[in-house]
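**Student:** One file is attached below, structure-v3.cif, containing mmCIF, C-alpha atoms (C1' of nucleotides).
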```
data_data
#
loop_
_atom_site.group_PDB
_atom_site.id
_atom_site.type_symbol
_atom_site.label_atom_id
_atom_site.label_comp_id
_atom_site.auth_asym_id
_atom_site.auth_seq_id
_atom_site.Cartn_x
_atom_site.Cartn_y
_atom_site.Cartn_z
ATOM 1 C CA MET A 1 137.921 37.912 142.303
ATOM 2 C CA SER A 2 136.570 34.712 140.864
ATOM 3 C CA ASP A 3 136.079 34.475 137.119
ATOM 4 C CA ARG A 4 133.112 32.191 137.587
ATOM 5 C CA LYS A 5 130.262 33.316 135.389
ATOM 6 C CA TYR A 6 126.550 32.839 135.718
ATOM 7 C CA TRP A 7 123.808 31.973 133.273
ATOM 8 C CA LEU A 8 120.107 31.449 133.045
ATOM 9 C CA MET A 9 118.997 28.557 130.866
ATOM 10 C CA LYS A 10 115.413 27.883 129.893
ATOM 11 C CA SER A 11 113.769 24.533 129.478
ATOM 12 C CA GLU A 12 110.151 23.584 129.093
ATOM 13 C CA PRO A 13 109.440 21.241 132.002
ATOM 14 C CA ASP A 14 107.138 19.161 129.806
ATOM 15 C CA VAL A 15 110.171 18.462 127.649
ATOM 16 C CA TYR A 16 112.981 18.328 130.211
ATOM 17 C CA SER A 17 112.525 19.595 133.755
ATOM 18 C CA LEU A 18 114.911 20.044 136.655
ATOM 19 C CA ASP A 19 113.352 16.872 138.119
ATOM 20 C CA ASP A 20 114.425 15.060 134.972
ATOM 21 C CA LEU A 21 117.966 16.361 135.355
ATOM 22 C CA ARG A 22 118.061 15.368 139.041
ATOM 23 C CA THR A 23 116.907 11.836 138.342
ATOM 24 C CA ASP A 24 118.865 11.235 135.137
ATOM 25 C CA GLU A 25 121.954 9.034 135.058
ATOM 26 C CA GLY A 26 124.823 10.965 136.629
ATOM 27 C CA GLN A 27 122.485 13.938 137.157
ATOM 28 C CA THR A 28 123.988 15.222 133.917
ATOM 29 C CA THR A 29 122.676 16.031 130.469
ATOM 30 C CA TYR A 30 123.777 17.597 127.204
ATOM 31 C CA TRP A 31 121.919 20.768 126.287
ATOM 32 C CA GLU A 32 120.900 19.926 122.752
ATOM 33 C CA GLY A 33 118.503 21.732 120.486
ATOM 34 C CA VAL A 34 119.477 25.376 120.870
ATOM 35 C CA ARG A 35 118.971 26.889 117.406
ATOM 36 C CA ASN A 36 119.659 30.545 118.009
ATOM 37 C CA TYR A 37 122.981 32.131 117.118
ATOM 38 C CA GLN A 38 123.326 34.373 120.153
ATOM 39 C CA ALA A 39 122.634 31.492 122.500
ATOM 40 C CA ARG A 40 124.950 29.245 120.497
ATOM 41 C CA ASN A 41 127.797 31.742 120.697
ATOM 42 C CA MET A 42 127.515 31.908 124.466
ATOM 43 C CA MET A 43 127.609 28.130 124.772
ATOM 44 C CA ARG A 44 130.419 27.765 122.254
ATOM 45 C CA ASP A 45 132.626 30.657 123.373
ATOM 46 C CA ASP A 46 131.809 31.911 126.838
ATOM 47 C CA MET A 47 130.750 29.118 129.154
ATOM 48 C CA ARG A 48 133.391 27.504 131.353
ATOM 49 C CA VAL A 49 133.369 24.393 133.497
ATOM 50 C CA GLY A 50 132.096 25.368 136.922
ATOM 51 C CA ASP A 51 129.930 28.280 135.785
ATOM 52 C CA GLY A 52 126.644 28.539 137.660
ATOM 53 C CA VAL A 53 123.271 28.072 135.968
ATOM 54 C CA LEU A 54 119.817 29.184 137.042
ATOM 55 C CA TYR A 55 117.508 26.468 135.724
ATOM 56 C CA TYR A 56 114.418 28.219 134.402
ATOM 57 C CA HIS A 57 111.135 26.530 133.543
ATOM 58 C CA SER A 58 109.496 28.242 130.580
ATOM 59 C CA ASN A 59 106.022 27.578 129.243
ATOM 60 C CA ALA A 60 105.152 26.365 132.712
ATOM 61 C CA LYS A 61 102.479 27.200 135.256
ATOM 62 C CA PRO A 62 103.947 29.241 136.664
ATOM 63 C CA PRO A 63 107.221 29.925 134.850
ATOM 64 C CA GLY A 64 110.253 30.538 137.059
ATOM 65 C CA VAL A 65 113.634 29.431 138.385
ATOM 66 C CA ALA A 66 113.388 25.877 139.726
ATOM 67 C CA GLY A 67 116.947 25.509 140.999
ATOM 68 C CA LEU A 68 120.603 25.384 140.088
ATOM 69 C CA ALA A 69 122.892 23.505 137.753
ATOM 70 C CA GLU A 70 126.485 23.910 136.664
ATOM 71 C CA ILE A 71 128.498 23.595 133.488
ATOM 72 C CA VAL A 72 130.496 20.376 133.432
ATOM 73 C CA ARG A 73 131.554 20.325 129.771
ATOM 74 C CA GLU A 74 132.325 23.314 127.567
ATOM 75 C CA GLY A 75 130.960 23.945 124.091
ATOM 76 C CA TYR A 76 131.112 21.120 121.567
ATOM 77 C CA PRO A 77 129.115 20.341 118.416
ATOM 78 C CA ASP A 78 125.434 19.482 118.869
ATOM 79 C CA PHE A 79 125.432 16.135 117.099
ATOM 80 C CA THR A 80 121.633 15.983 117.038
ATOM 81 C CA SER A 81 121.812 18.687 114.345
ATOM 82 C CA TRP A 82 123.290 16.318 111.756
ATOM 83 C CA ASP A 83 121.083 13.315 112.462
ATOM 84 C CA PRO A 84 118.297 13.317 109.841
ATOM 85 C CA GLU A 85 116.126 11.214 112.130
ATOM 86 C CA HIS A 86 116.377 13.683 114.968
ATOM 87 C CA HIS A 87 113.808 16.308 115.854
ATOM 88 C CA TYR A 88 116.585 18.932 115.982
ATOM 89 C CA PHE A 89 118.052 18.023 112.586
ATOM 90 C CA ASP A 90 119.375 20.947 110.544
ATOM 91 C CA PRO A 91 120.426 20.122 106.968
ATOM 92 C CA LYS A 92 122.882 23.021 107.021
ATOM 93 C CA SER A 93 124.855 21.485 109.861
ATOM 94 C CA SER A 94 127.242 18.575 109.415
ATOM 95 C CA GLU A 95 129.925 16.710 111.302
ATOM 96 C CA GLU A 96 132.554 18.357 109.070
ATOM 97 C CA SER A 97 131.077 21.806 109.556
ATOM 98 C CA PRO A 98 128.882 21.911 112.643
ATOM 99 C CA ARG A 99 126.575 24.886 112.900
ATOM 100 C CA TRP A 100 125.208 24.307 116.403
ATOM 101 C CA PHE A 101 126.912 23.763 119.738
ATOM 102 C CA MET A 102 125.946 22.582 123.197
ATOM 103 C CA VAL A 103 127.338 22.180 126.698
ATOM 104 C CA ASP A 104 126.810 19.598 129.434
ATOM 105 C CA LEU A 105 124.999 20.488 132.651
ATOM 106 C CA ARG A 106 124.946 18.800 136.021
ATOM 107 C CA PHE A 107 122.252 19.105 138.659
ATOM 108 C CA VAL A 108 123.263 21.109 141.721
ATOM 109 C CA GLU A 109 120.234 22.045 143.781
ATOM 110 C CA GLN A 110 116.470 22.207 143.624
ATOM 111 C CA PHE A 111 114.484 24.811 145.544
ATOM 112 C CA ALA A 112 111.592 23.736 147.765
ATOM 113 C CA ASP A 113 109.412 25.819 145.459
ATOM 114 C CA LEU A 114 110.291 27.666 142.296
ATOM 115 C CA VAL A 115 110.988 31.378 142.272
ATOM 116 C CA SER A 116 108.254 32.488 139.933
ATOM 117 C CA LEU A 117 108.597 34.994 137.145
ATOM 118 C CA SER A 118 106.131 37.287 138.903
ATOM 119 C CA GLU A 119 108.287 37.220 142.051
ATOM 120 C CA LEU A 120 111.361 38.046 139.970
ATOM 121 C CA LYS A 121 109.508 41.000 138.462
ATOM 122 C CA GLU A 122 108.605 42.329 141.896
ATOM 123 C CA GLU A 123 112.227 42.462 143.072
ATOM 124 C CA ALA A 124 113.685 45.931 142.661
ATOM 125 C CA ASP A 125 117.177 44.459 143.080
ATOM 126 C CA LEU A 126 116.742 42.442 139.895
ATOM 127 C CA ASP A 127 116.289 45.390 137.548
ATOM 128 C CA GLY A 128 117.850 44.584 134.202
ATOM 129 C CA LEU A 129 117.634 40.809 134.546
ATOM 130 C CA GLY A 130 117.159 39.447 131.019
ATOM 131 C CA VAL A 131 114.253 37.166 131.698
ATOM 132 C CA ILE A 132 112.079 39.959 133.097
ATOM 133 C CA ARG A 133 112.707 42.282 130.180
ATOM 134 C CA LYS A 134 109.780 42.382 127.825
ATOM 135 C CA GLY A 135 110.284 40.517 124.610
ATOM 136 C CA ASN A 136 113.454 38.727 125.617
ATOM 137 C CA ARG A 137 113.146 35.190 124.329
ATOM 138 C CA LEU A 138 116.761 34.099 124.457
ATOM 139 C CA SER A 139 116.931 30.606 125.930
ATOM 140 C CA VAL A 140 120.460 31.168 127.250
ATOM 141 C CA GLN A 141 121.257 34.432 129.006
ATOM 142 C CA PRO A 142 124.125 35.817 131.053
ATOM 143 C CA VAL A 143 123.284 36.764 134.636
ATOM 144 C CA SER A 144 125.360 39.021 136.905
ATOM 145 C CA ALA A 145 126.851 37.562 140.089
ATOM 146 C CA GLU A 146 124.688 39.928 142.111
ATOM 147 C CA HIS A 147 121.483 38.831 140.402
ATOM 148 C CA TYR A 148 122.484 35.190 140.655
ATOM 149 C CA ASP A 149 123.166 35.438 144.396
ATOM 150 C CA HIS A 150 119.938 37.286 144.959
ATOM 151 C CA ILE A 151 117.830 34.699 143.144
ATOM 152 C CA VAL A 152 119.601 31.839 144.961
ATOM 153 C CA ALA A 153 118.735 33.519 148.263
ATOM 154 C CA MET A 154 115.094 33.865 147.172
ATOM 155 C CA GLY A 155 115.014 30.179 146.275
ATOM 156 C CA ARG A 156 116.621 28.994 149.506
ATOM 157 C CA ALA A 157 114.203 31.119 151.519
ATOM 158 C CA LYS A 158 111.405 28.865 150.304
ATOM 159 C CA GLY A 159 112.508 25.915 152.395
ATOM 160 C CA PRO A 160 115.026 23.078 152.457
ATOM 161 C CA VAL A 161 116.683 22.471 149.118
ATOM 162 C CA VAL A 162 117.356 19.130 147.482
ATOM 163 C CA THR A 163 121.048 18.852 146.709
ATOM 164 C CA GLY A 164 122.897 16.740 144.188
ATOM 165 C CA LYS A 165 125.026 13.706 144.878
ATOM 166 C CA ASP A 166 128.797 13.925 144.599
ATOM 167 C "C1'" DG B 1 94.455 29.341 122.278
ATOM 168 C "C1'" DC B 2 95.937 34.071 121.480
ATOM 169 C "C1'" DC B 3 99.208 37.099 120.069
ATOM 170 C "C1'" DA B 4 103.326 40.291 120.670
ATOM 171 C "C1'" DA B 5 108.045 40.200 120.047
ATOM 172 C "C1'" DC B 6 111.751 38.409 117.628
ATOM 173 C "C1'" DG B 7 114.641 35.837 114.353
ATOM 174 C "C1'" DT B 8 115.260 33.856 109.837
ATOM 175 C "C1'" DT B 9 114.488 33.286 104.951
ATOM 176 C "C1'" DG B 10 114.332 34.457 100.352
ATOM 177 C "C1'" DG B 11 112.704 37.319 96.395
ATOM 178 C "C1'" DC B 12 113.971 41.334 94.311
ATOM 179 C "C1'" DG C 1 120.879 45.156 101.294
ATOM 180 C "C1'" DC C 2 115.913 45.768 101.998
ATOM 181 C "C1'" DC C 3 111.897 44.035 103.792
ATOM 182 C "C1'" DA C 4 107.635 41.120 103.616
ATOM 183 C "C1'" DA C 5 106.376 36.694 104.831
ATOM 184 C "C1'" DC C 6 106.798 33.197 107.778
ATOM 185 C "C1'" DG C 7 108.085 30.465 111.928
ATOM 186 C "C1'" DT C 8 109.050 30.309 116.881
ATOM 187 C "C1'" DT C 9 108.965 31.613 121.684
ATOM 188 C "C1'" DG C 10 106.671 32.019 125.706
ATOM 189 C "C1'" DG C 11 103.678 34.771 128.884
ATOM 190 C "C1'" DC C 12 99.074 35.231 129.702
#
```
In C-alpha coordinates, what does this structure look like?

**Tutor:**
Amino acid sequence: MSDRKYWLMKSEPDVYSLDDLRTDEGQTTYWEGVRNYQARNMMRDDMRVGDGVLYYHSNAKPPGVAGLAEIVREGYPDFTSWDPEHHYFDPKSSEESPRWFMVDLRFVEQFADLVSLSELKEEADLDGLGVIRKGNRLSVQPVSAEHYDHIVAMGRAKGPVVTGKD
DNA sequence: GCCAACGTTGGC
DNA sequence: GCCAACGTTGGC
(Lines of atoms letter the chains of each structure in order from A and count residues from 1; the text may use other names and numbers.)
(Lines give C-alpha, C1' and ligand atoms only; values in the text may rest on other atoms or scores of the structure.)
Protein backbone atom coordinates (compact mmCIF):
# COMPACT_ATOMS: atom_id res chain seq x y z
CA MET A 1 0.00 0.00 0.00
CA SER A 2 1.21 3.43 -0.96
CA ASP A 3 1.77 5.99 1.77
CA ARG A 4 0.78 8.79 -0.56
CA LYS A 5 -1.62 11.12 1.17
CA TYR A 6 -4.25 13.43 -0.21
CA TRP A 7 -5.31 16.95 0.63
CA LEU A 8 -7.77 19.60 -0.33
CA MET A 9 -6.41 23.13 -0.48
CA LYS A 10 -8.54 26.22 -0.90
CA SER A 11 -7.68 29.32 -2.82
CA GLU A 12 -9.80 32.25 -3.88
CA PRO A 13 -9.53 32.34 -7.67
CA ASP A 14 -9.57 36.14 -7.62
CA VAL A 15 -6.37 35.93 -5.60
CA TYR A 16 -4.67 32.86 -7.08
CA SER A 17 -6.54 30.41 -9.29
CA LEU A 18 -5.59 27.07 -10.80
CA ASP A 19 -5.17 28.96 -14.10
CA ASP A 20 -2.58 31.12 -12.37
CA LEU A 21 -0.74 28.04 -11.14
CA ARG A 22 -0.84 26.44 -14.60
CA THR A 23 0.57 29.52 -16.30
CA ASP A 24 3.11 30.50 -13.64
CA GLU A 25 6.83 29.93 -14.12
CA GLY A 26 7.52 26.22 -13.63
CA GLN A 27 3.82 25.66 -12.91
CA THR A 28 4.87 25.88 -9.27
CA THR A 29 4.10 28.18 -6.37
CA TYR A 30 4.68 28.49 -2.64
CA TRP A 31 1.52 28.35 -0.55
CA GLU A 32 1.99 31.45 1.55
CA GLY A 33 -0.46 33.17 3.82
CA VAL A 34 -2.01 30.32 5.79
CA ARG A 35 -2.59 31.74 9.28
CA ASN A 36 -4.41 28.94 11.01
CA TYR A 37 -2.64 26.56 13.37
CA GLN A 38 -4.37 23.36 12.30
CA ALA A 39 -3.65 24.06 8.65
CA ARG A 40 -0.09 25.07 9.51
CA ASN A 41 0.54 21.84 11.40
CA MET A 42 -0.57 19.77 8.43
CA MET A 43 1.73 21.66 6.09
CA ARG A 44 4.63 21.61 8.52
CA ASP A 45 4.33 18.03 9.76
CA ASP A 46 2.22 15.84 7.53
CA MET A 47 2.61 16.73 3.87
CA ARG A 48 5.15 14.80 1.82
CA VAL A 49 6.57 15.33 -1.64
CA GLY A 50 4.29 13.60 -4.10
CA ASP A 51 1.10 13.92 -2.05
CA GLY A 52 -1.97 14.68 -4.15
CA VAL A 53 -3.92 17.93 -3.83
CA LEU A 54 -7.46 18.77 -4.85
CA TYR A 55 -7.31 22.44 -5.85
CA TYR A 56 -10.46 24.06 -4.52
CA HIS A 57 -11.77 27.47 -5.53
CA SER A 58 -13.44 29.18 -2.59
CA ASN A 59 -15.42 32.40 -2.69
CA ALA A 60 -16.08 31.63 -6.33
CA LYS A 61 -19.17 31.32 -8.49
CA PRO A 62 -19.58 28.50 -8.12
CA PRO A 63 -17.10 27.18 -5.55
CA GLY A 64 -15.62 23.75 -6.27
CA VAL A 65 -12.63 21.59 -7.18
CA ALA A 66 -10.95 22.97 -10.30
CA GLY A 67 -8.26 20.31 -10.71
CA LEU A 68 -5.19 18.70 -9.23
CA ALA A 69 -1.81 19.71 -7.91
CA GLU A 70 0.93 17.94 -5.99
CA ILE A 71 3.33 18.71 -3.19
CA VAL A 72 6.83 19.35 -4.50
CA ARG A 73 8.44 20.83 -1.38
CA GLU A 74 7.68 19.94 2.23
CA GLY A 75 6.98 22.39 5.04
CA TYR A 76 9.34 25.32 5.49
CA PRO A 77 8.95 28.75 7.10
CA ASP A 78 6.56 31.18 5.42
CA PHE A 79 8.96 34.07 4.94
CA THR A 80 6.15 36.47 4.04
CA SER A 81 5.22 36.38 7.75
CA TRP A 82 8.33 38.29 8.81
CA ASP A 83 8.32 40.91 6.06
CA PRO A 84 6.73 44.07 7.51
CA GLU A 85 5.86 45.25 4.01
CA HIS A 86 3.96 42.10 3.20
CA HIS A 87 0.21 41.67 3.39
CA TYR A 88 0.72 38.45 5.39
CA PHE A 89 3.11 40.01 7.92
CA ASP A 90 2.78 38.74 11.48
CA PRO A 91 4.83 40.61 14.10
CA LYS A 92 4.94 37.47 16.25
CA SER A 93 6.79 35.53 13.58
CA SER A 94 10.48 35.99 12.84
CA GLU A 95 13.27 34.35 10.90
CA GLU A 96 14.76 33.11 14.20
CA SER A 97 11.43 31.79 15.41
CA PRO A 98 9.03 31.29 12.52
CA ARG A 99 5.40 30.86 13.46
CA TRP A 100 3.97 30.02 10.04
CA PHE A 101 4.91 27.40 7.47
CA MET A 102 4.15 26.67 3.84
CA VAL A 103 4.73 24.07 1.15
CA ASP A 104 5.32 24.28 -2.60
CA LEU A 105 2.71 23.04 -5.07
CA ARG A 106 2.99 22.10 -8.71
CA PHE A 107 0.18 22.05 -11.25
CA VAL A 108 -0.90 18.57 -12.32
CA GLU A 109 -4.23 18.69 -14.12
CA GLN A 110 -7.18 20.95 -14.76
CA PHE A 111 -10.68 19.59 -15.28
CA ALA A 112 -12.71 20.67 -18.30
CA ASP A 113 -15.16 22.13 -15.80
CA LEU A 114 -14.95 22.36 -12.04
CA VAL A 115 -16.66 19.87 -9.78
CA SER A 116 -18.94 22.22 -7.92
CA LEU A 117 -19.61 22.20 -4.21
CA SER A 118 -23.26 21.39 -4.88
CA GLU A 119 -22.23 18.34 -6.93
CA LEU A 120 -19.94 17.22 -4.11
CA LYS A 121 -22.84 17.53 -1.67
CA GLU A 122 -25.06 15.37 -3.86
CA GLU A 123 -22.61 12.45 -3.90
CA ALA A 124 -23.51 9.86 -1.29
CA ASP A 125 -20.03 8.35 -1.65
CA LEU A 126 -18.47 11.56 -0.36
CA ASP A 127 -20.11 11.51 3.06
CA GLY A 128 -17.72 12.93 5.63
CA LEU A 129 -15.67 14.98 3.18
CA GLY A 130 -14.46 18.04 5.11
CA VAL A 131 -15.45 20.68 2.63
CA ILE A 132 -19.10 19.62 2.59
CA ARG A 133 -19.42 19.60 6.36
CA LYS A 134 -21.23 22.64 7.62
CA GLY A 135 -19.03 25.22 9.24
CA ASN A 136 -15.73 23.74 8.16
CA ARG A 137 -13.55 26.65 7.12
CA LEU A 138 -10.14 25.01 7.23
CA SER A 139 -8.20 26.03 4.13
CA VAL A 140 -6.11 22.85 4.20
CA GLN A 141 -7.86 19.54 4.82
CA PRO A 142 -6.93 15.87 4.63
CA VAL A 143 -8.90 13.80 2.12
CA SER A 144 -9.16 10.00 2.06
CA ALA A 145 -7.80 8.11 -0.96
CA GLU A 146 -11.32 6.93 -1.72
CA HIS A 147 -12.75 10.45 -1.71
CA TYR A 148 -9.83 11.74 -3.73
CA ASP A 149 -10.24 9.07 -6.41
CA HIS A 150 -13.96 9.65 -6.55
CA ILE A 151 -13.62 13.40 -7.05
CA VAL A 152 -10.91 12.91 -9.70
CA ALA A 153 -13.29 10.61 -11.57
CA MET A 154 -16.06 13.22 -11.34
CA GLY A 155 -13.69 15.85 -12.72
CA ARG A 156 -12.42 13.71 -15.59
CA ALA A 157 -15.98 12.82 -16.54
CA LYS A 158 -16.50 16.46 -17.48
CA GLY A 159 -14.31 16.26 -20.55
CA PRO A 160 -10.67 16.31 -21.62
CA VAL A 161 -8.33 17.55 -18.93
CA VAL A 162 -5.44 19.95 -19.36
CA THR A 163 -2.28 18.33 -18.06
CA GLY A 164 0.95 19.84 -16.82
CA LYS A 165 4.28 19.87 -18.60
CA ASP A 166 7.09 17.64 -17.39
C1' DG B 1 -23.88 42.33 1.21
C1' DC B 2 -25.45 39.24 4.84
C1' DC B 3 -24.49 36.38 8.41
C1' DA B 4 -23.40 31.77 10.66
C1' DA B 5 -19.60 29.34 12.18
C1' DC B 6 -15.16 29.49 13.94
C1' DG B 7 -10.70 31.06 15.75
C1' DT B 8 -8.07 34.37 18.37
C1' DT B 9 -7.29 37.94 21.76
C1' DG B 10 -7.15 39.99 26.04
C1' DG B 11 -9.30 41.61 30.42
C1' DC B 12 -10.33 39.79 34.63
C1' DG C 1 -8.83 29.52 32.80
C1' DC C 2 -13.15 31.76 31.45
C1' DC C 3 -15.55 34.12 28.14
C1' DA C 4 -17.01 38.42 25.67
C1' DA C 5 -15.55 40.97 21.93
C1' DC C 6 -13.72 41.00 17.71
C1' DG C 7 -11.95 39.40 13.17
C1' DT C 8 -12.15 36.09 9.36
C1' DT C 9 -14.02 32.67 6.26
C1' DG C 10 -16.87 31.54 2.77
C1' DG C 11 -21.50 29.98 1.11
C1' DC C 12 -25.48 32.02 -0.33

**Student:** Using the chain letters and numbers from this file, what does the PyMOL selection byres ((chain C and resi 5) around 9) select? Give the answer as a PyMOL selection string.

**Tutor:** (chain B and resi 9) or (chain C and resi 4+6)

**Student:** Using Å and a single decimal, report how far CA of Glu25 in chain A sits from CA of Arg106 in chain A.

**Tutor:**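 Going from CA of Arg106 in chain A over to CA of Glu25 in chain A, I get 10.3 Å.
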
**Student:** Provide the CA of Val143 in chain A to CA of Lys5 in chain A distance in Å, to one decimal place.

**Tutor:**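 Here the two named atoms are 7.8 Å from each other.
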
**Student:** Quick check on the file I pasted: which residues fall under the PyMOL selection byres ((chain A) within 9 of (chain C))? Write them as an mmCIF file with C-alpha atoms, keeping the file's coordinate frame.

**Tutor:**
```
data_model
loop_
_atom_site.group_PDB
_atom_site.id
_atom_site.type_symbol
_atom_site.label_atom_id
_atom_site.label_comp_id
_atom_site.auth_asym_id
_atom_site.auth_seq_id
_atom_site.Cartn_x
_atom_site.Cartn_y
_atom_site.Cartn_z
ATOM 1 C CA SER A 58 109.496 28.242 130.580
ATOM 2 C CA ASN A 59 106.022 27.578 129.243
ATOM 3 C CA PRO A 63 107.221 29.925 134.850
ATOM 4 C CA ARG A 137 113.146 35.190 124.329
ATOM 5 C CA LEU A 138 116.761 34.099 124.457
#
```

**Student:** Which centre and edge lengths in Å to one decimal define the box along x, y and z that fits every listed atom of range 6-12 of chain B plus 5 Å per side, as lines of an AutoDock Vina configuration file?

**Tutor:**
```
center_x = 113.5
center_y = 37.3
center_z = 106.0
size_x = 13.5
size_y = 18.0
size_z = 33.3
```
